[in-house]
Amino acid sequence: MNSNLFVIVDATFKDNLEQLTLHRMPGALPFAGKYRLIDFTLSNIKNSQITNVAIFPYGNYRSLQDHVGSGKKWDLDRRRDGLFILPPKNLYIAPDEMITFQRMYEHIEFFKRSSQDYAVVTSANIVWNIDFYECLDYHLKNDADITEVMYKNIRLKTFIISKKLLIEYIMTYATLEYRTMSELVEKTPNLKVVIYKHQNYTRTITDTFNYLKSNLDMLRFDIGSSIFTPDRPIYSKEKTSPPARYLKNAVIENSMISSGCIVDGTVINSVIARDVTIKEGAIVKNSFIMSNSIIEEKSELNYTILDKQTIVKNNTHIEGTLKHPYVTQKEQLVSSFEDLRVLLVASESYPFIKTGGLADVIGSLSRNLGRQGVDTTVILPLYKKIRDTFFESLKYEFSKTVVYNEIKHKIRVHRYQYKKAKYYFIDNFAFFNYEEVYGYENDADRFAFFNKAVVEMLDDLKPFDLVHVNDWHTALIPILIDNSPHKGLKTLLTIHNIDYQGIANSNVIKKLGITNFVFKSDKINFLEIGINTATKLSTVSPTYKEELKYEYYGKNLTYSLLNREREFYGILNGISSSFNPTEDKAIKTNYSIENFENKIDNKLYLQEKMGLVIDKNKFIIGMVTRIVEQKGFDLILNSFDELLSNNKEIQFVLLGAGDKKYISELEKLAQRHPEQIKLNIGYDATKPNYIYAGADVFLMPSRFEPCGLGQMISLRYGTLPIVRRTGGLNDTVFKYDHITKKGNGFTFNNYDANEMKSTIENAYDLYKTNKKDWNKLIERAMRSDNSLVKSTQKYIEFYNVIVKN
């Protein structure tokens, strides 16, 4: 058969897979790894007798190039056509959910010189065995413009399209309103799009659940035999090792044991890669163990993914679930998680002092760490507001002298027990007796002194396993520890918002007494120093972590973060169980997922409180936010006149405070639409929960959003979020797909007023015309799990990675 198909393989999933778990999963993995998935894809291509293939990778494409080589093992090493690795030319373009027309345009010459008439655009993170020519025959018989390949009700980001039509879209990408094949199918009504349903086993590797499940599925004969068929073989990397050895205590049930393994324990329903040692008394169940790992005596693992060369110490018990398996990083040492002592240091924490989301995170994290058995201590400055409110409840502990700028300063340390966390407050009038937390000319000195006082306090407290510091205000603690008797104590720096960095005169270093610092200029950057000196780094969502690789988000610190990429992780924040419409005493009527129709009472009550027309059929857009540029108010001001004029049934309720410039423009907007807009300026102007429970949708069109909590709260209250796909918004809100009916909200990609307006109108149209799908969305939103328990567990796992390694 002369091939009339060429294939575009989207391999940008690499970073996405690493985002989806706390730890990275590099290397060639059986059935579900980066290169094994490429093997699957290329084997499918060879089996379909396709001879022209382009792989579009992102990130470190050279390791992929080394793996696939010339393509010989797939019969793709040829003079004409063959296998091509087409890396990104513009590294400032962040990877999207799938390959974009813009990325294809970077290699337009490949498309133009290809002699085939039709193209397959597919993803490299699919485990399947498919004949693409059957798809092409279906495409031709139906005289389709585009054929989308699906499995059951699952979209696979796989399409067949004529080369001529594809090149038209690639060449005009800059003027198109859609960027990918998925968006093209969704937004272009004039095209004839047909669906080809693939019938055999298919699983996309999008998270750790699918990652483990795809491995365990291969242990089922009916599934394994449908993937590994004699007539369509899967080719993979070969390695010579001696046969596996089973010692006298070995017990094996329904498992795959690779060559080179030594087993003297029990293995049940698990996949064990090459050269793994499982010692006497060890039990491994429902797990995937990568090569060269060692599981010592009497350890027990259930629903676990061990990366390469991990050592599980004896008597260690690891318990994950299929939905949330326990995952290690490469070369990790895992032992029992007992008596972990963690010190959290921050500039603010609820309930003592709060100016923003950082306080909520520290307060909730410390509380939940204690609940989960971690010995947790928090240190804060004793600000004037804390003194005025809590001083009578504080217990004096001790005093000491701290030298700063060659001057001796006395500090008094007070203690307070909050739930299961111990709080210490450092009292010094000269540095902390201010009305506000931030905003003073000497902020750099205030927090530098606080950092030094914390490190010197370590002499007086029981030793900690880890010090967890947060944002620039505490980012000098790692370098101070390295220059103290406590050198070697592990540290974690969490970046909550990279916009705030703590840039100060370099003489701060001298004032701290650090003598071995290499100065680059007469200025220092607190956050940059922390990035360079902390043991590990984290930020508050996996997507924000990836975004910080690009200068648009990472700004002047992108290079420093790229240097620490292997030590940098994204852990999504969570929300408290106190956000619960079933028990919320602030709202008009309580409701749950079983009776969310009672939510309508809160909608009518919100309209009454806001002085809006009371009508259950109106469509209420809610916002609770700081009124600043970052939150997308330029988009609102440039689109809401048209949106509200064309849709008189839409109402808009806002609660917030912030930039006077934006508030003034919003007030003018409200004057033009007095029957549709109600502004509540000032955070105490009304109760935010009225909006969370009463609105139909919750708008967050942020230019960037490291994590965001508002969308998580709105999901829990069944108020569907409309968000831009950035940071934590991208990790928690999943776009409603009108084809599969999946998703829990509405999303748009570009920071563009028209795109936001179109997304709002699409949500409004669904609300008006399809109550059944709308109510299903509400159910799915309320089932979303963004709990603090889940977030805290990931931090505990990460703490142990840092401490035990």
# chains A, B, ... in the order shown; residues from 1 in each chain; ligands from 1
call {"tool": "residues_around", "arguments": {"residues": "A:Thr147", "least_positions_apart": "2", "cutoff": "8 Å", "atoms": "only C-alpha atoms", "output": "ChimeraX atom specification"}}
result
/A:135,139,144-145,149,159-161,193-196
call {"tool": "write_last_selection", "arguments": {"atoms": "all heavy atoms", "output": "CSV table (one decimal), in the first residue's frame"}}
result
chain,number,residue,atom,x,y,z
A,135,CYS,N,-9.5,4.6,10.0
A,135,CYS,CA,-10.0,5.9,10.3
A,135,CYS,C,-10.1,6.7,9.0
A,135,CYS,O,-11.1,7.4,8.8
A,135,CYS,CB,-9.2,6.7,11.3
A,135,CYS,SG,-8.9,5.8,12.8
A,139,HIS,N,-13.3,8.4,7.1
A,139,HIS,CA,-13.3,9.8,6.8
A,139,HIS,C,-13.7,10.0,5.3
A,139,HIS,O,-14.6,10.9,5.0
A,139,HIS,CB,-11.9,10.4,7.0
A,139,HIS,CG,-11.7,11.8,6.6
A,139,HIS,ND1,-12.0,12.8,7.5
A,139,HIS,CD2,-11.1,12.3,5.5
A,139,HIS,CE1,-11.7,14.0,6.9
A,139,HIS,NE2,-11.1,13.7,5.7
A,144,ALA,N,-16.0,13.8,4.9
A,144,ALA,CA,-15.9,14.7,6.0
A,144,ALA,C,-14.8,15.7,5.8
A,144,ALA,O,-13.8,15.4,5.0
A,144,ALA,CB,-15.6,13.9,7.3
A,145,ASP,N,-14.9,16.9,6.4
A,145,ASP,CA,-13.8,17.8,6.4
A,145,ASP,C,-12.8,17.4,7.5
A,145,ASP,O,-11.6,17.5,7.3
A,145,ASP,CB,-14.3,19.2,6.7
A,145,ASP,CG,-15.2,19.8,5.6
A,145,ASP,OD1,-14.7,19.7,4.4
A,145,ASP,OD2,-16.3,20.2,5.8
A,149,VAL,N,-11.4,11.2,16.2
A,149,VAL,CA,-11.4,9.8,16.7
A,149,VAL,C,-11.6,9.9,18.2
A,149,VAL,O,-11.0,10.6,19.0
A,149,VAL,CB,-10.0,9.2,16.5
A,149,VAL,CG1,-10.0,7.7,17.0
A,149,VAL,CG2,-9.7,9.2,15.0
A,159,PHE,N,-7.3,13.5,15.2
A,159,PHE,CA,-8.1,14.0,14.1
A,159,PHE,C,-7.5,13.6,12.7
A,159,PHE,O,-6.3,13.5,12.6
A,159,PHE,CB,-8.2,15.5,14.1
A,159,PHE,CG,-8.7,16.1,15.4
A,159,PHE,CD1,-7.8,16.4,16.5
A,159,PHE,CD2,-10.0,16.3,15.6
A,159,PHE,CE1,-8.2,16.9,17.7
A,159,PHE,CE2,-10.4,16.8,16.9
A,159,PHE,CZ,-9.5,17.1,17.9
A,160,ILE,N,-8.3,13.4,11.7
A,160,ILE,CA,-7.9,13.3,10.4
A,160,ILE,C,-8.4,14.5,9.6
A,160,ILE,O,-9.6,14.8,9.7
A,160,ILE,CB,-8.4,11.9,9.8
A,160,ILE,CG1,-7.7,10.8,10.5
A,160,ILE,CG2,-8.1,11.9,8.3
A,160,ILE,CD1,-8.1,9.4,10.0
A,161,ILE,N,-7.5,15.0,8.8
A,161,ILE,CA,-7.9,16.2,8.0
A,161,ILE,C,-7.0,16.2,6.7
A,161,ILE,O,-5.9,15.7,6.7
A,161,ILE,CB,-7.6,17.5,8.8
A,161,ILE,CG1,-8.0,18.8,8.1
A,161,ILE,CG2,-6.1,17.6,9.3
A,161,ILE,CD1,-7.9,20.0,8.9
A,193,VAL,N,-17.9,17.7,10.4
A,193,VAL,CA,-17.1,16.9,11.4
A,193,VAL,C,-17.8,15.6,11.7
A,193,VAL,O,-19.0,15.6,12.1
A,193,VAL,CB,-16.9,17.7,12.6
A,193,VAL,CG1,-16.0,16.9,13.6
A,193,VAL,CG2,-16.2,19.0,12.3
A,194,VAL,N,-17.2,14.5,11.5
A,194,VAL,CA,-17.8,13.2,11.9
A,194,VAL,C,-16.9,12.6,13.0
A,194,VAL,O,-15.7,12.9,13.2
A,194,VAL,CB,-17.9,12.2,10.7
A,194,VAL,CG1,-18.7,12.9,9.6
A,194,VAL,CG2,-16.5,11.9,10.1
A,195,ILE,N,-17.5,11.7,13.7
A,195,ILE,CA,-16.9,11.0,14.9
A,195,ILE,C,-16.6,9.5,14.5
A,195,ILE,O,-17.5,8.8,14.1
A,195,ILE,CB,-17.7,11.1,16.1
A,195,ILE,CG1,-18.1,12.5,16.5
A,195,ILE,CG2,-17.0,10.4,17.3
A,195,ILE,CD1,-16.9,13.4,16.8
A,196,TYR,N,-15.4,9.1,14.6
A,196,TYR,CA,-15.0,7.7,14.4
A,196,TYR,C,-14.8,7.1,15.8
A,196,TYR,O,-13.9,7.6,16.6
A,196,TYR,CB,-13.7,7.6,13.6
A,196,TYR,CG,-13.2,6.1,13.5
A,196,TYR,CD1,-13.7,5.3,12.5
A,196,TYR,CD2,-12.3,5.6,14.4
A,196,TYR,CE1,-13.2,4.0,12.4
A,196,TYR,CE2,-11.8,4.3,14.3
A,196,TYR,CZ,-12.3,3.5,13.3
A,196,TYR,OH,-11.8,2.2,13.2
call {"tool": "closest_atom_pairs", "arguments": {"of": "stretch 694-795 of chain A", "to": "stretch 563-572 of chain A", "cutoff": "8 Å", "atoms": "only C-alpha atoms", "output": "CSV"}}
result
residue,atom,partner,partner_atom,distance
A:Cys707,CA,A:Leu572,CA,6.9
A:Gly728,CA,A:Leu572,CA,7.0
A:Asp731,CA,A:Leu572,CA,7.9
A:Ser791,CA,A:Leu572,CA,6.3
A:Lys794,CA,A:Ile571,CA,7.1
A:Tyr795,CA,A:Ile571,CA,7.4
call {"tool": "write_last_selection", "arguments": {"atoms": "N, CA, C and O atoms", "output": "short mmCIF file (atom, residue, chain, number, x, y, z; two decimals), in the first residue's frame"}}
result
data_model
loop_
_atom_site.label_atom_id
_atom_site.label_comp_id
_atom_site.auth_asym_id
_atom_site.auth_seq_id
_atom_site.Cartn_x
_atom_site.Cartn_y
_atom_site.Cartn_z
N CYS A 707 -2.72 30.53 42.28
CA CYS A 707 -3.59 29.42 42.68
C CYS A 707 -5.05 29.81 42.55
O CYS A 707 -5.78 29.31 41.72
N GLY A 728 -3.59 28.20 38.97
CA GLY A 728 -4.47 27.26 39.65
C GLY A 728 -5.86 27.18 39.07
O GLY A 728 -6.57 26.19 39.29
N ASP A 731 -5.84 24.29 36.87
CA ASP A 731 -5.73 23.01 37.57
C ASP A 731 -7.03 22.59 38.25
O ASP A 731 -7.13 21.44 38.70
N SER A 791 -4.59 18.63 49.89
CA SER A 791 -3.41 19.49 49.74
C SER A 791 -2.38 19.23 50.83
O SER A 791 -1.18 19.12 50.57
N LYS A 794 -0.31 16.10 50.34
CA LYS A 794 0.76 16.27 49.37
C LYS A 794 1.95 16.98 50.01
O LYS A 794 3.11 16.65 49.72
N TYR A 795 1.68 17.96 50.86
CA TYR A 795 2.79 18.63 51.56
C TYR A 795 3.52 17.66 52.47
O TYR A 795 4.76 17.68 52.55
#
call {"tool": "residues_around", "arguments": {"residues": "A:Lys545", "least_positions_apart": "2", "cutoff": "10 Å", "atoms": "only C-alpha atoms", "output": "PyMOL selection string"}}
result
chain A and resi 19+495+537-543+547-550+553-554+561+565+568-571+706+727-728
call {"tool": "write_last_selection", "arguments": {"atoms": "N, CA, C and O atoms", "output": "tab-separated table (two decimals), in the first residue's frame"}}
result
chain	number	residue	atom	x	y	z
A	19	GLN	N	3.29	17.61	35.76
A	19	GLN	CA	2.50	18.51	36.57
A	19	GLN	C	1.51	17.77	37.46
A	19	GLN	O	1.17	18.23	38.53
A	495	ILE	N	6.74	29.78	46.76
A	495	ILE	CA	6.48	31.05	46.09
A	495	ILE	C	4.97	31.16	45.88
A	495	ILE	O	4.39	30.41	45.09
A	537	LEU	N	12.09	23.88	46.28
A	537	LEU	CA	11.20	25.00	45.99
A	537	LEU	C	9.82	24.44	45.64
A	537	LEU	O	9.70	23.35	45.09
A	538	SER	N	8.81	25.22	45.94
A	538	SER	CA	7.46	24.86	45.49
A	538	SER	C	6.69	26.13	45.19
A	538	SER	O	7.08	27.22	45.59
A	539	THR	N	5.61	25.95	44.47
A	539	THR	CA	4.65	27.03	44.29
A	539	THR	C	3.26	26.44	44.41
A	539	THR	O	3.11	25.24	44.63
A	540	VAL	N	2.24	27.28	44.27
A	540	VAL	CA	0.92	26.94	44.79
A	540	VAL	C	-0.01	26.27	43.78
A	540	VAL	O	-1.19	26.08	44.07
A	541	SER	N	0.50	25.94	42.60
A	541	SER	CA	-0.27	25.11	41.66
A	541	SER	C	0.68	24.56	40.62
A	541	SER	O	1.69	25.20	40.29
A	542	PRO	N	0.39	23.38	40.08
A	542	PRO	CA	1.25	22.81	39.05
A	542	PRO	C	1.37	23.68	37.80
A	542	PRO	O	2.45	23.82	37.23
A	543	THR	N	0.25	24.28	37.36
A	543	THR	CA	0.31	25.11	36.14
A	543	THR	C	1.15	26.35	36.37
A	543	THR	O	1.93	26.75	35.49
A	547	GLU	N	4.24	27.79	34.26
A	547	GLU	CA	4.21	29.14	33.70
A	547	GLU	C	5.45	29.94	34.08
A	547	GLU	O	5.95	30.77	33.30
A	548	LEU	N	5.97	29.69	35.27
A	548	LEU	CA	7.13	30.45	35.74
A	548	LEU	C	8.40	30.17	34.95
A	548	LEU	O	9.40	30.87	35.11
A	549	LYS	N	8.35	29.18	34.06
A	549	LYS	CA	9.48	28.93	33.17
A	549	LYS	C	9.58	29.99	32.07
A	549	LYS	O	10.59	30.06	31.37
A	550	TYR	N	8.53	30.77	31.93
A	550	TYR	CA	8.46	31.74	30.82
A	550	TYR	C	8.47	33.15	31.38
A	550	TYR	O	7.84	33.44	32.40
A	553	TYR	N	5.58	35.26	32.87
A	553	TYR	CA	5.13	34.97	34.23
A	553	TYR	C	6.28	35.06	35.23
A	553	TYR	O	6.13	35.62	36.31
A	554	GLY	N	7.43	34.45	34.89
A	554	GLY	CA	8.55	34.38	35.83
A	554	GLY	C	9.36	35.65	35.92
A	554	GLY	O	10.18	35.80	36.84
A	561	LEU	N	14.88	30.05	38.34
A	561	LEU	CA	13.97	28.92	38.52
A	561	LEU	C	14.31	27.77	37.59
A	561	LEU	O	14.22	26.60	37.97
A	565	GLU	N	15.09	23.63	38.33
A	565	GLU	CA	13.88	22.96	37.86
A	565	GLU	C	13.69	21.59	38.48
A	565	GLU	O	12.57	21.18	38.81
A	568	PHE	N	12.01	21.86	41.90
A	568	PHE	CA	10.89	22.79	41.93
A	568	PHE	C	9.59	22.04	41.66
A	568	PHE	O	9.48	21.31	40.67
A	569	TYR	N	8.60	22.20	42.52
A	569	TYR	CA	7.36	21.44	42.44
A	569	TYR	C	6.15	22.36	42.57
A	569	TYR	O	6.24	23.44	43.16
A	570	GLY	N	5.03	21.92	42.03
A	570	GLY	CA	3.78	22.65	42.16
A	570	GLY	C	2.78	21.85	42.97
A	570	GLY	O	2.44	20.72	42.63
A	571	ILE	N	2.34	22.41	44.10
A	571	ILE	CA	1.36	21.74	44.97
A	571	ILE	C	0.15	22.65	45.10
A	571	ILE	O	0.25	23.77	45.59
A	706	PRO	N	-1.72	32.60	40.53
A	706	PRO	CA	-0.89	31.50	41.03
A	706	PRO	C	-1.69	30.29	41.49
A	706	PRO	O	-1.37	29.16	41.14
A	727	GLY	N	-2.55	29.36	35.75
A	727	GLY	CA	-2.25	29.00	37.13
A	727	GLY	C	-3.21	27.98	37.70
A	727	GLY	O	-3.62	27.01	37.05
A	728	GLY	N	-3.59	28.20	38.97
A	728	GLY	CA	-4.47	27.26	39.65
A	728	GLY	C	-5.86	27.18	39.07
A	728	GLY	O	-6.57	26.19	39.29
call {"tool": "select_by_dssp", "arguments": {"residues": "stretch 174-294 of chain A", "states": "strand (DSSP E or B)", "output": "count of residues only"}}
result
33
call {"tool": "residues_around", "arguments": {"residues": "A:Val789", "least_positions_apart": "2", "cutoff": "8 Å", "atoms": "only C-alpha atoms", "output": "list in words"}}
result
Asn368, Gly574, Ser787, Ser791, Thr792 and Gln793 of chain A
call {"tool": "residues_around", "arguments": {"residues": "A:Glu629", "least_positions_apart": "5", "cutoff": "12 Å", "atoms": "only C-alpha atoms", "output": "list of chain:residue names"}}
result
A:Asp634, A:Leu635, A:Ile636, A:Leu637, A:Gly658, A:Asp659, A:Lys660, A:Lys661, A:Tyr662, A:Ile663, A:Pro701, A:Ser702, A:Arg703, A:Phe704, A:Glu705, A:Tyr751
call {"tool": "write_last_selection", "arguments": {"atoms": "C-alpha atoms", "output": "mmCIF file, in the first residue's frame"}}
result
data_model
loop_
_atom_site.group_PDB
_atom_site.id
_atom_site.type_symbol
_atom_site.label_atom_id
_atom_site.label_comp_id
_atom_site.auth_asym_id
_atom_site.auth_seq_id
_atom_site.Cartn_x
_atom_site.Cartn_y
_atom_site.Cartn_z
ATOM 1 C CA ASP A 634 -9.494 45.512 31.773
ATOM 2 C CA LEU A 635 -11.389 42.694 30.052
ATOM 3 C CA ILE A 636 -14.561 43.471 31.984
ATOM 4 C CA LEU A 637 -14.414 47.200 31.275
ATOM 5 C CA GLY A 658 -8.542 47.800 45.528
ATOM 6 C CA ASP A 659 -7.335 50.171 42.827
ATOM 7 C CA LYS A 660 -9.260 53.471 42.797
ATOM 8 C CA LYS A 661 -8.776 53.773 39.026
ATOM 9 C CA TYR A 662 -10.644 50.539 38.349
ATOM 10 C CA ILE A 663 -13.280 51.261 41.000
ATOM 11 C CA PRO A 701 -10.727 36.328 34.136
ATOM 12 C CA SER A 702 -7.269 36.751 35.701
ATOM 13 C CA ARG A 703 -4.244 37.712 33.634
ATOM 14 C CA PHE A 704 -2.338 35.391 35.964
ATOM 15 C CA GLU A 705 -3.471 33.519 39.075
ATOM 16 C CA TYR A 751 -6.314 37.395 27.800
#
call {"tool": "select_by_dssp", "arguments": {"residues": "stretch 542-577 of chain A", "states": "alpha helix (DSSP H)", "output": "NGL selection string"}}
result
:A and (542-547 or 551-554 or 558-563)
call {"tool": "residues_around", "arguments": {"residues": "A:Pro721", "least_positions_apart": "4", "cutoff": "6 Å", "atoms": "only C-alpha atoms", "output": "ChimeraX atom specification"}}
result
/A:697-699,711,745
call {"tool": "write_last_selection", "arguments": {"atoms": "N, CA, C and O atoms", "output": "PDB file, in the first residue's frame"}}
result
ATOM      1  N   VAL A 697     -22.982  31.927  37.987  1.00  0.00           N
ATOM      2  CA  VAL A 697     -21.598  31.689  37.581  1.00  0.00           C
ATOM      3  C   VAL A 697     -20.694  32.625  38.365  1.00  0.00           C
ATOM      4  O   VAL A 697     -21.122  33.676  38.863  1.00  0.00           O
ATOM      5  N   PHE A 698     -19.428  32.235  38.473  1.00  0.00           N
ATOM      6  CA  PHE A 698     -18.442  33.003  39.236  1.00  0.00           C
ATOM      7  C   PHE A 698     -17.296  33.337  38.281  1.00  0.00           C
ATOM      8  O   PHE A 698     -16.658  32.435  37.727  1.00  0.00           O
ATOM      9  N   LEU A 699     -17.040  34.622  38.075  1.00  0.00           N
ATOM     10  CA  LEU A 699     -16.105  35.072  37.044  1.00  0.00           C
ATOM     11  C   LEU A 699     -14.720  35.339  37.624  1.00  0.00           C
ATOM     12  O   LEU A 699     -14.578  36.078  38.596  1.00  0.00           O
ATOM     13  N   GLN A 711     -12.447  30.228  42.890  1.00  0.00           N
ATOM     14  CA  GLN A 711     -13.053  29.237  41.993  1.00  0.00           C
ATOM     15  C   GLN A 711     -13.301  27.926  42.719  1.00  0.00           C
ATOM     16  O   GLN A 711     -14.272  27.210  42.413  1.00  0.00           O
ATOM     17  N   GLY A 745     -16.976  23.613  34.536  1.00  0.00           N
ATOM     18  CA  GLY A 745     -17.061  25.054  34.409  1.00  0.00           C
ATOM     19  C   GLY A 745     -16.792  25.471  32.972  1.00  0.00           C
ATOM     20  O   GLY A 745     -16.865  24.662  32.042  1.00  0.00           O
TER      21      GLY A 745
END
call {"tool": "atom_distance", "arguments": {"atom1": "atom CA of A:Pro485", "atom2": "atom CA of A:Val455"}}
result
9.7 Å
